[in-house]
>>> print(open('work.pdb').read())   # PDB, C-alpha atoms, pLDDT in the B column
ATOM      1  CA  MET A1020     -79.983  95.309 -72.660  1.00 90.00           C
ATOM      2  CA  LYS A1021     -78.510  92.211 -74.283  1.00 93.00           C
ATOM      3  CA  ARG A1022     -75.229  92.326 -76.157  1.00 95.00           C
ATOM      4  CA  VAL A1023     -75.661  91.902 -79.927  1.00 97.00           C
ATOM      5  CA  GLU A1024     -73.111  89.855 -81.857  1.00 96.00           C
ATOM      6  CA  TRP A1025     -72.967  89.373 -85.625  1.00 96.00           C
ATOM      7  CA  THR A1026     -72.065  85.924 -86.925  1.00 94.00           C
ATOM      8  CA  ARG A1027     -69.551  85.647 -89.749  1.00 93.00           C
ATOM      9  CA  SER A1028     -72.285  84.572 -92.147  1.00 92.00           C
ATOM     10  CA  ALA A1029     -74.452  87.580 -91.240  1.00 94.00           C
ATOM     11  CA  LEU A1030     -71.509  89.941 -91.769  1.00 95.00           C
ATOM     12  CA  ALA A1031     -70.887  88.308 -95.143  1.00 95.00           C
ATOM     13  CA  ASP A1032     -74.560  88.886 -95.982  1.00 95.00           C
ATOM     14  CA  LEU A1033     -74.149  92.565 -95.091  1.00 96.00           C
ATOM     15  CA  VAL A1034     -71.062  92.903 -97.292  1.00 97.00           C
ATOM     16  CA  GLY A1035     -72.892  91.223-100.178  1.00 97.00           C
ATOM     17  CA  ILE A1036     -75.857  93.586 -99.811  1.00 97.00           C
ATOM     18  CA  TYR A1037     -73.551  96.600 -99.782  1.00 98.00           C
ATOM     19  CA  GLU A1038     -71.612  95.425-102.847  1.00 98.00           C
ATOM     20  CA  TYR A1039     -74.788  94.691-104.799  1.00 97.00           C
ATOM     21  CA  ILE A1040     -76.417  98.063-104.077  1.00 97.00           C
ATOM     22  CA  ALA A1041     -73.138 100.001-104.434  1.00 98.00           C
ATOM     23  CA  LYS A1042     -72.947  99.003-108.103  1.00 97.00           C
ATOM     24  CA  ASP A1043     -75.661 101.620-108.629  1.00 97.00           C
ATOM     25  CA  SER A1044     -75.171 103.934-105.660  1.00 97.00           C
ATOM     26  CA  GLN A1045     -72.580 103.808-102.899  1.00 97.00           C
ATOM     27  CA  ARG A1046     -74.509 106.451-100.985  1.00 97.00           C
ATOM     28  CA  TYR A1047     -77.727 104.438-101.016  1.00 97.00           C
ATOM     29  CA  ALA A1048     -75.800 101.256-100.157  1.00 97.00           C
ATOM     30  CA  LEU A1049     -74.358 102.957 -97.059  1.00 97.00           C
ATOM     31  CA  SER A1050     -77.818 104.193 -96.107  1.00 97.00           C
ATOM     32  CA  VAL A1051     -79.319 100.702 -96.348  1.00 96.00           C
ATOM     33  CA  ILE A1052     -76.486  99.120 -94.354  1.00 97.00           C
ATOM     34  CA  ASP A1053     -76.754 101.876 -91.742  1.00 97.00           C
ATOM     35  CA  ARG A1054     -80.504 101.293 -91.292  1.00 96.00           C
ATOM     36  CA  ILE A1055     -80.063  97.517 -91.077  1.00 96.00           C
ATOM     37  CA  THR A1056     -77.285  97.758 -88.487  1.00 96.00           C
ATOM     38  CA  LYS A1057     -79.224 100.316 -86.427  1.00 95.00           C
ATOM     39  CA  ARG A1058     -82.003  97.757 -85.975  1.00 94.00           C
ATOM     40  CA  THR A1059     -79.603  95.875 -83.693  1.00 94.00           C
ATOM     41  CA  VAL A1060     -80.200  98.565 -81.054  1.00 94.00           C
ATOM     42  CA  GLN A1061     -83.887  97.609 -81.049  1.00 95.00           C
ATOM     43  CA  ILE A1062     -83.220  93.884 -80.801  1.00 96.00           C
ATOM     44  CA  GLY A1063     -80.635  94.456 -78.073  1.00 96.00           C
ATOM     45  CA  TRP A1064     -83.146  96.351 -75.929  1.00 96.00           C
ATOM     46  CA  PHE A1065     -86.255  94.431 -76.992  1.00 96.00           C
ATOM     47  CA  PRO A1066     -85.205  91.026 -78.319  1.00 95.00           C
ATOM     48  CA  PHE A1067     -88.742  89.634 -78.252  1.00 95.00           C
ATOM     49  CA  SER A1068     -90.068  92.509 -80.378  1.00 94.00           C
ATOM     50  CA  GLY A1069     -89.298  90.603 -83.571  1.00 95.00           C
ATOM     51  CA  GLU A1070     -91.655  88.126 -85.170  1.00 96.00           C
ATOM     52  CA  PHE A1071     -91.167  84.367 -85.158  1.00 95.00           C
ATOM     53  CA  VAL A1072     -89.491  83.116 -88.322  1.00 94.00           C
ATOM     54  CA  PRO A1073     -92.112  80.826 -89.908  1.00 91.00           C
ATOM     55  CA  GLU A1074     -89.497  78.740 -91.748  1.00 91.00           C
ATOM     56  CA  TYR A1075     -87.910  77.652 -88.457  1.00 91.00           C
ATOM     57  CA  SER A1076     -89.585  75.923 -85.521  1.00 87.00           C
ATOM     58  CA  ASN A1077     -87.300  77.525 -82.925  1.00 90.00           C
ATOM     59  CA  LYS A1078     -89.170  80.190 -80.934  1.00 91.00           C
ATOM     60  CA  GLU A1079     -85.850  81.833 -80.025  1.00 94.00           C
ATOM     61  CA  ILE A1080     -85.148  82.653 -83.686  1.00 95.00           C
ATOM     62  CA  ARG A1081     -86.848  85.903 -84.625  1.00 96.00           C
ATOM     63  CA  GLU A1082     -86.745  88.530 -87.338  1.00 96.00           C
ATOM     64  CA  VAL A1083     -87.215  92.224 -87.929  1.00 97.00           C
ATOM     65  CA  ILE A1084     -87.671  93.742 -91.364  1.00 96.00           C
ATOM     66  CA  GLU A1085     -85.738  96.722 -92.704  1.00 95.00           C
ATOM     67  CA  TYR A1086     -86.370  97.796 -96.274  1.00 91.00           C
ATOM     68  CA  SER A1087     -86.804  94.454 -98.078  1.00 94.00           C
ATOM     69  CA  TYR A1088     -84.379  92.617 -95.809  1.00 96.00           C
ATOM     70  CA  ARG A1089     -85.081  90.126 -93.069  1.00 96.00           C
ATOM     71  CA  LEU A1090     -82.692  90.472 -90.135  1.00 97.00           C
ATOM     72  CA  ILE A1091     -82.754  86.969 -88.603  1.00 96.00           C
ATOM     73  CA  TYR A1092     -81.497  86.631 -85.031  1.00 96.00           C
ATOM     74  CA  LEU A1093     -81.254  84.156 -82.166  1.00 96.00           C
ATOM     75  CA  ILE A1094     -82.032  85.113 -78.582  1.00 96.00           C
ATOM     76  CA  ASP A1095     -79.619  83.491 -76.136  1.00 93.00           C
ATOM     77  CA  ALA A1096     -79.243  84.009 -72.372  1.00 90.00           C
ATOM     78  CA  ASP A1097     -77.146  87.198 -72.457  1.00 91.00           C
ATOM     79  CA  VAL A1098     -76.586  87.673 -76.177  1.00 96.00           C
ATOM     80  CA  VAL A1099     -78.597  88.250 -79.312  1.00 97.00           C
ATOM     81  CA  TYR A1100     -76.841  86.682 -82.311  1.00 97.00           C
ATOM     82  CA  VAL A1101     -77.545  88.124 -85.738  1.00 96.00           C
ATOM     83  CA  LEU A1102     -77.627  84.982 -87.892  1.00 95.00           C
ATOM     84  CA  ALA A1103     -78.460  86.281 -91.360  1.00 94.00           C
ATOM     85  CA  VAL A1104     -79.646  89.239 -93.397  1.00 96.00           C
ATOM     86  CA  VAL A1105     -81.692  87.969 -96.328  1.00 95.00           C
ATOM     87  CA  HIS A1106     -83.664  89.775 -99.017  1.00 95.00           C
ATOM     88  CA  GLY A1107     -87.346  89.016 -98.565  1.00 90.00           C
ATOM     89  CA  ALA A1108     -87.613  87.561-102.078  1.00 90.00           C
ATOM     90  CA  ARG A1109     -84.919  84.958-101.376  1.00 93.00           C
ATOM     91  CA  PRO A1110     -85.526  81.705 -99.507  1.00 87.00           C
ATOM     92  CA  LEU A1111     -83.909  81.141 -96.144  1.00 88.00           C
ATOM     93  CA  PRO A1112     -81.498  78.237 -95.683  1.00 81.00           C
ATOM     94  CA  ALA A1113     -83.295  75.033 -94.654  1.00 80.00           C
ATOM     95  CA  ILE A1114     -81.249  75.000 -91.450  1.00 81.00           C
ATOM     96  CA  PRO A1115     -80.618  78.348 -89.731  1.00 79.00           C
ATOM     97  CA  PRO A1116     -76.981  79.446 -89.662  1.00 77.00           C
ATOM     98  CA  LEU A1117     -76.083  79.154 -85.967  1.00 79.00           C
ATOM     99  CA  PRO A1118     -73.416  81.124 -84.100  1.00 83.00           C
ATOM    100  CA  GLU A1119     -69.863  79.863 -84.344  1.00 73.00           C
ATOM    101  CA  SER A1120     -68.541  78.186 -81.198  1.00 47.00           C
TER     102      SER A1120
END
>>> encode(input="work.pdb", output="structure tokens")
Amino acid sequence: MKRVEWTRSALADLVGIYEYIAKDSQRYALSVIDRITKRTVQIGWFPFSGEFVPEYSNKEIREVIEYSYRLIYLIDADVVYVLAVVHGARPLPAIPPLPES
């Protein structure tokens, strides 16, 4: 199993998702965040189970979908970095947000 690390930008995405949904329902917001974060178990055990991200040409950048959100991650030697969590209706950044050094 690879270690999974969240980048600052991905954590900020998660906070933004929670705050947006919590305006209507804190309970549902927690449920969505819980399901998104639980997907990291899958990508830790099976990092290549995600699909290639068509917007990026890097075969090491993959995604899994939970609800309407794209969990974008980078497969590195011993670590899987969660780069972003983006609603499927929103465009991805032109350049993927890479892990901080």
>>> residues_around(input="work.pdb", residues="Lys1078 of chain A", least_positions_apart="5", cutoff="10 Å", atoms="only C-alpha atoms", output="ChimeraX atom specification")
/A:1067,1070-1073,1093-1094
>>> residues_around(input="work.pdb", residues="Trp1025 of chain A", least_positions_apart="6", cutoff="12 Å", atoms="all atoms listed in the file", output="list in words")
Ala1031, Asp1032, Leu1033, Thr1056, Thr1059, Gly1063, Leu1090, Ile1091, Tyr1092, Leu1093, Val1098, Val1099, Tyr1100, Val1101, Leu1102, Ala1103, Val1104, Pro1116, Leu1117, Pro1118 and Glu1119 of chain A
>>> residues_around(input="work.pdb", residues="Ala1108 of chain A", least_positions_apart="4", cutoff="12 Å", atoms="all atoms listed in the file", output="list in words")
Tyr1086, Ser1087, Tyr1088, Arg1089 and Val1104 of chain A
>>> closest_residue(input="work.pdb", among="A:Lys1042, A:Ile1036, A:Glu1074, A:Lys1021", to="Pro1112 of chain A", atoms="only C-alpha atoms")
A:Glu1074
>>> residues_around(input="work.pdb", residues="Ser1076 of chain A", least_positions_apart="5", cutoff="12 Å", atoms="all atoms listed in the file", output="PyMOL selection string")
chain A and resi 1071+1081+1113-1115
>>> closest_residue(input="work.pdb", among="A:Val1060, A:Ala1096, A:Ile1052, A:Leu1111", to="Leu1030 of chain A", atoms="all atoms listed in the file")
A:Ile1052
>>> axis_aligned_box(input="work.pdb", around="segment 1094-1100 of chain A", padding_each_side="6 Å", output="AutoDock Vina command-line options")
--center_x -79.3 --center_y 85.9 --center_z -77.3 --size_x 17.4 --size_y 16.8 --size_z 21.9
>>> decode(input="work.pdb", residues="chain A", atoms="C-alpha atoms", output="PDB file, in the first residue's frame")
ATOM      1  CA  MET A1020       0.000   0.000   0.000  1.00  0.00           C
ATOM      2  CA  LYS A1021       1.237   3.483  -0.862  1.00  0.00           C
ATOM      3  CA  ARG A1022       0.992   6.338   1.602  1.00  0.00           C
ATOM      4  CA  VAL A1023      -1.594   8.957   0.584  1.00  0.00           C
ATOM      5  CA  GLU A1024      -0.830  12.630   1.170  1.00  0.00           C
ATOM      6  CA  TRP A1025      -3.176  15.561   0.575  1.00  0.00           C
ATOM      7  CA  THR A1026      -1.698  18.723  -0.915  1.00  0.00           C
ATOM      8  CA  ARG A1027      -2.656  22.064   0.600  1.00  0.00           C
ATOM      9  CA  SER A1028      -4.685  22.939  -2.482  1.00  0.00           C
ATOM     10  CA  ALA A1029      -6.624  19.657  -2.305  1.00  0.00           C
ATOM     11  CA  LEU A1030      -7.386  20.232   1.384  1.00  0.00           C
ATOM     12  CA  ALA A1031      -8.586  23.734   0.524  1.00  0.00           C
ATOM     13  CA  ASP A1032     -10.835  22.195  -2.141  1.00  0.00           C
ATOM     14  CA  LEU A1033     -12.278  19.843   0.482  1.00  0.00           C
ATOM     15  CA  VAL A1034     -12.959  22.712   2.889  1.00  0.00           C
ATOM     16  CA  GLY A1035     -14.651  24.690   0.109  1.00  0.00           C
ATOM     17  CA  ILE A1036     -16.868  21.727  -0.794  1.00  0.00           C
ATOM     18  CA  TYR A1037     -17.853  21.257   2.841  1.00  0.00           C
ATOM     19  CA  GLU A1038     -18.642  24.953   3.337  1.00  0.00           C
ATOM     20  CA  TYR A1039     -20.716  25.122   0.157  1.00  0.00           C
ATOM     21  CA  ILE A1040     -22.817  22.042   0.958  1.00  0.00           C
ATOM     22  CA  ALA A1041     -23.082  22.886   4.680  1.00  0.00           C
ATOM     23  CA  LYS A1042     -25.029  26.045   3.825  1.00  0.00           C
ATOM     24  CA  ASP A1043     -27.947  23.690   3.173  1.00  0.00           C
ATOM     25  CA  SER A1044     -27.055  20.658   5.277  1.00  0.00           C
ATOM     26  CA  GLN A1045     -24.091  20.094   7.569  1.00  0.00           C
ATOM     27  CA  ARG A1046     -25.007  16.426   7.830  1.00  0.00           C
ATOM     28  CA  TYR A1047     -24.951  15.918   4.068  1.00  0.00           C
ATOM     29  CA  ALA A1048     -21.732  17.952   3.794  1.00  0.00           C
ATOM     30  CA  LEU A1049     -20.039  15.625   6.302  1.00  0.00           C
ATOM     31  CA  SER A1050     -21.333  12.607   4.399  1.00  0.00           C
ATOM     32  CA  VAL A1051     -19.926  13.872   1.095  1.00  0.00           C
ATOM     33  CA  ILE A1052     -16.544  14.725   2.623  1.00  0.00           C
ATOM     34  CA  ASP A1053     -16.441  11.334   4.350  1.00  0.00           C
ATOM     35  CA  ARG A1054     -17.096   9.478   1.074  1.00  0.00           C
ATOM     36  CA  ILE A1055     -14.503  11.537  -0.808  1.00  0.00           C
ATOM     37  CA  THR A1056     -11.817  10.990   1.833  1.00  0.00           C
ATOM     38  CA  LYS A1057     -12.581   7.260   2.052  1.00  0.00           C
ATOM     39  CA  ARG A1058     -11.695   6.923  -1.633  1.00  0.00           C
ATOM     40  CA  THR A1059      -8.079   7.521  -0.596  1.00  0.00           C
ATOM     41  CA  VAL A1060      -8.034   3.984   0.832  1.00  0.00           C
ATOM     42  CA  GLN A1061      -8.759   2.663  -2.666  1.00  0.00           C
ATOM     43  CA  ILE A1062      -6.093   4.784  -4.334  1.00  0.00           C
ATOM     44  CA  GLY A1063      -3.577   3.873  -1.634  1.00  0.00           C
ATOM     45  CA  TRP A1064      -4.083   0.151  -2.256  1.00  0.00           C
ATOM     46  CA  PHE A1065      -4.781   0.362  -5.991  1.00  0.00           C
ATOM     47  CA  PRO A1066      -3.297   3.593  -7.339  1.00  0.00           C
ATOM     48  CA  PHE A1067      -3.660   2.533 -10.973  1.00  0.00           C
ATOM     49  CA  SER A1068      -7.385   1.834 -10.546  1.00  0.00           C
ATOM     50  CA  GLY A1069      -8.237   5.428 -11.431  1.00  0.00           C
ATOM     51  CA  GLU A1070      -8.715   6.675 -14.961  1.00  0.00           C
ATOM     52  CA  PHE A1071      -6.261   8.888 -16.818  1.00  0.00           C
ATOM     53  CA  VAL A1072      -7.169  12.564 -16.588  1.00  0.00           C
ATOM     54  CA  PRO A1073      -7.844  13.573 -20.215  1.00  0.00           C
ATOM     55  CA  GLU A1074      -6.969  17.237 -19.590  1.00  0.00           C
ATOM     56  CA  TYR A1075      -3.401  16.317 -18.611  1.00  0.00           C
ATOM     57  CA  SER A1076      -0.854  14.370 -20.645  1.00  0.00           C
ATOM     58  CA  ASN A1077       0.838  12.859 -17.582  1.00  0.00           C
ATOM     59  CA  LYS A1078      -0.014   9.154 -17.253  1.00  0.00           C
ATOM     60  CA  GLU A1079       0.816   9.299 -13.534  1.00  0.00           C
ATOM     61  CA  ILE A1080      -2.043  11.746 -12.896  1.00  0.00           C
ATOM     62  CA  ARG A1081      -5.280   9.843 -12.410  1.00  0.00           C
ATOM     63  CA  GLU A1082      -8.767  10.386 -11.064  1.00  0.00           C
ATOM     64  CA  VAL A1083     -11.589   8.617  -9.296  1.00  0.00           C
ATOM     65  CA  ILE A1084     -15.119   9.967  -9.137  1.00  0.00           C
ATOM     66  CA  GLU A1085     -17.193  10.279  -5.972  1.00  0.00           C
ATOM     67  CA  TYR A1086     -20.613  11.870  -6.232  1.00  0.00           C
ATOM     68  CA  SER A1087     -20.033  14.664  -8.774  1.00  0.00           C
ATOM     69  CA  TYR A1088     -16.445  15.260  -7.691  1.00  0.00           C
ATOM     70  CA  ARG A1089     -13.232  14.331  -9.430  1.00  0.00           C
ATOM     71  CA  LEU A1090     -10.502  13.299  -6.998  1.00  0.00           C
ATOM     72  CA  ILE A1091      -7.313  14.055  -8.968  1.00  0.00           C
ATOM     73  CA  TYR A1092      -4.115  12.382  -7.771  1.00  0.00           C
ATOM     74  CA  LEU A1093      -0.488  11.825  -8.736  1.00  0.00           C
ATOM     75  CA  ILE A1094       1.214   8.458  -8.380  1.00  0.00           C
ATOM     76  CA  ASP A1095       4.795   8.812  -7.159  1.00  0.00           C
ATOM     77  CA  ALA A1096       7.300   6.121  -6.130  1.00  0.00           C
ATOM     78  CA  ASP A1097       6.054   5.535  -2.569  1.00  0.00           C
ATOM     79  CA  VAL A1098       3.311   8.134  -2.257  1.00  0.00           C
ATOM     80  CA  VAL A1099       0.014   9.006  -3.860  1.00  0.00           C
ATOM     81  CA  TYR A1100      -0.556  12.773  -3.738  1.00  0.00           C
ATOM     82  CA  VAL A1101      -4.123  14.036  -3.819  1.00  0.00           C
ATOM     83  CA  LEU A1102      -3.789  17.141  -6.003  1.00  0.00           C
ATOM     84  CA  ALA A1103      -7.344  18.445  -6.277  1.00  0.00           C
ATOM     85  CA  VAL A1104     -11.006  17.709  -5.680  1.00  0.00           C
ATOM     86  CA  VAL A1105     -13.053  19.395  -8.392  1.00  0.00           C
ATOM     87  CA  HIS A1106     -16.762  19.330  -9.180  1.00  0.00           C
ATOM     88  CA  GLY A1107     -17.284  17.599 -12.508  1.00  0.00           C
ATOM     89  CA  ALA A1108     -19.004  20.664 -13.982  1.00  0.00           C
ATOM     90  CA  ARG A1109     -15.977  22.880 -13.319  1.00  0.00           C
ATOM     91  CA  PRO A1110     -12.891  23.003 -15.534  1.00  0.00           C
ATOM     92  CA  LEU A1111      -9.578  21.772 -14.211  1.00  0.00           C
ATOM     93  CA  PRO A1112      -6.639  24.174 -13.978  1.00  0.00           C
ATOM     94  CA  ALA A1113      -4.605  24.262 -17.204  1.00  0.00           C
ATOM     95  CA  ILE A1114      -1.574  23.074 -15.240  1.00  0.00           C
ATOM     96  CA  PRO A1115      -2.149  20.433 -12.547  1.00  0.00           C
ATOM     97  CA  PRO A1116      -1.476  21.603  -8.994  1.00  0.00           C
ATOM     98  CA  LEU A1117       1.656  19.643  -8.042  1.00  0.00           C
ATOM     99  CA  PRO A1118       2.741  18.631  -4.538  1.00  0.00           C
ATOM    100  CA  GLU A1119       4.587  21.219  -2.496  1.00  0.00           C
ATOM    101  CA  SER A1120       8.314  20.579  -2.096  1.00  0.00           C
TER     102      SER A1120
END
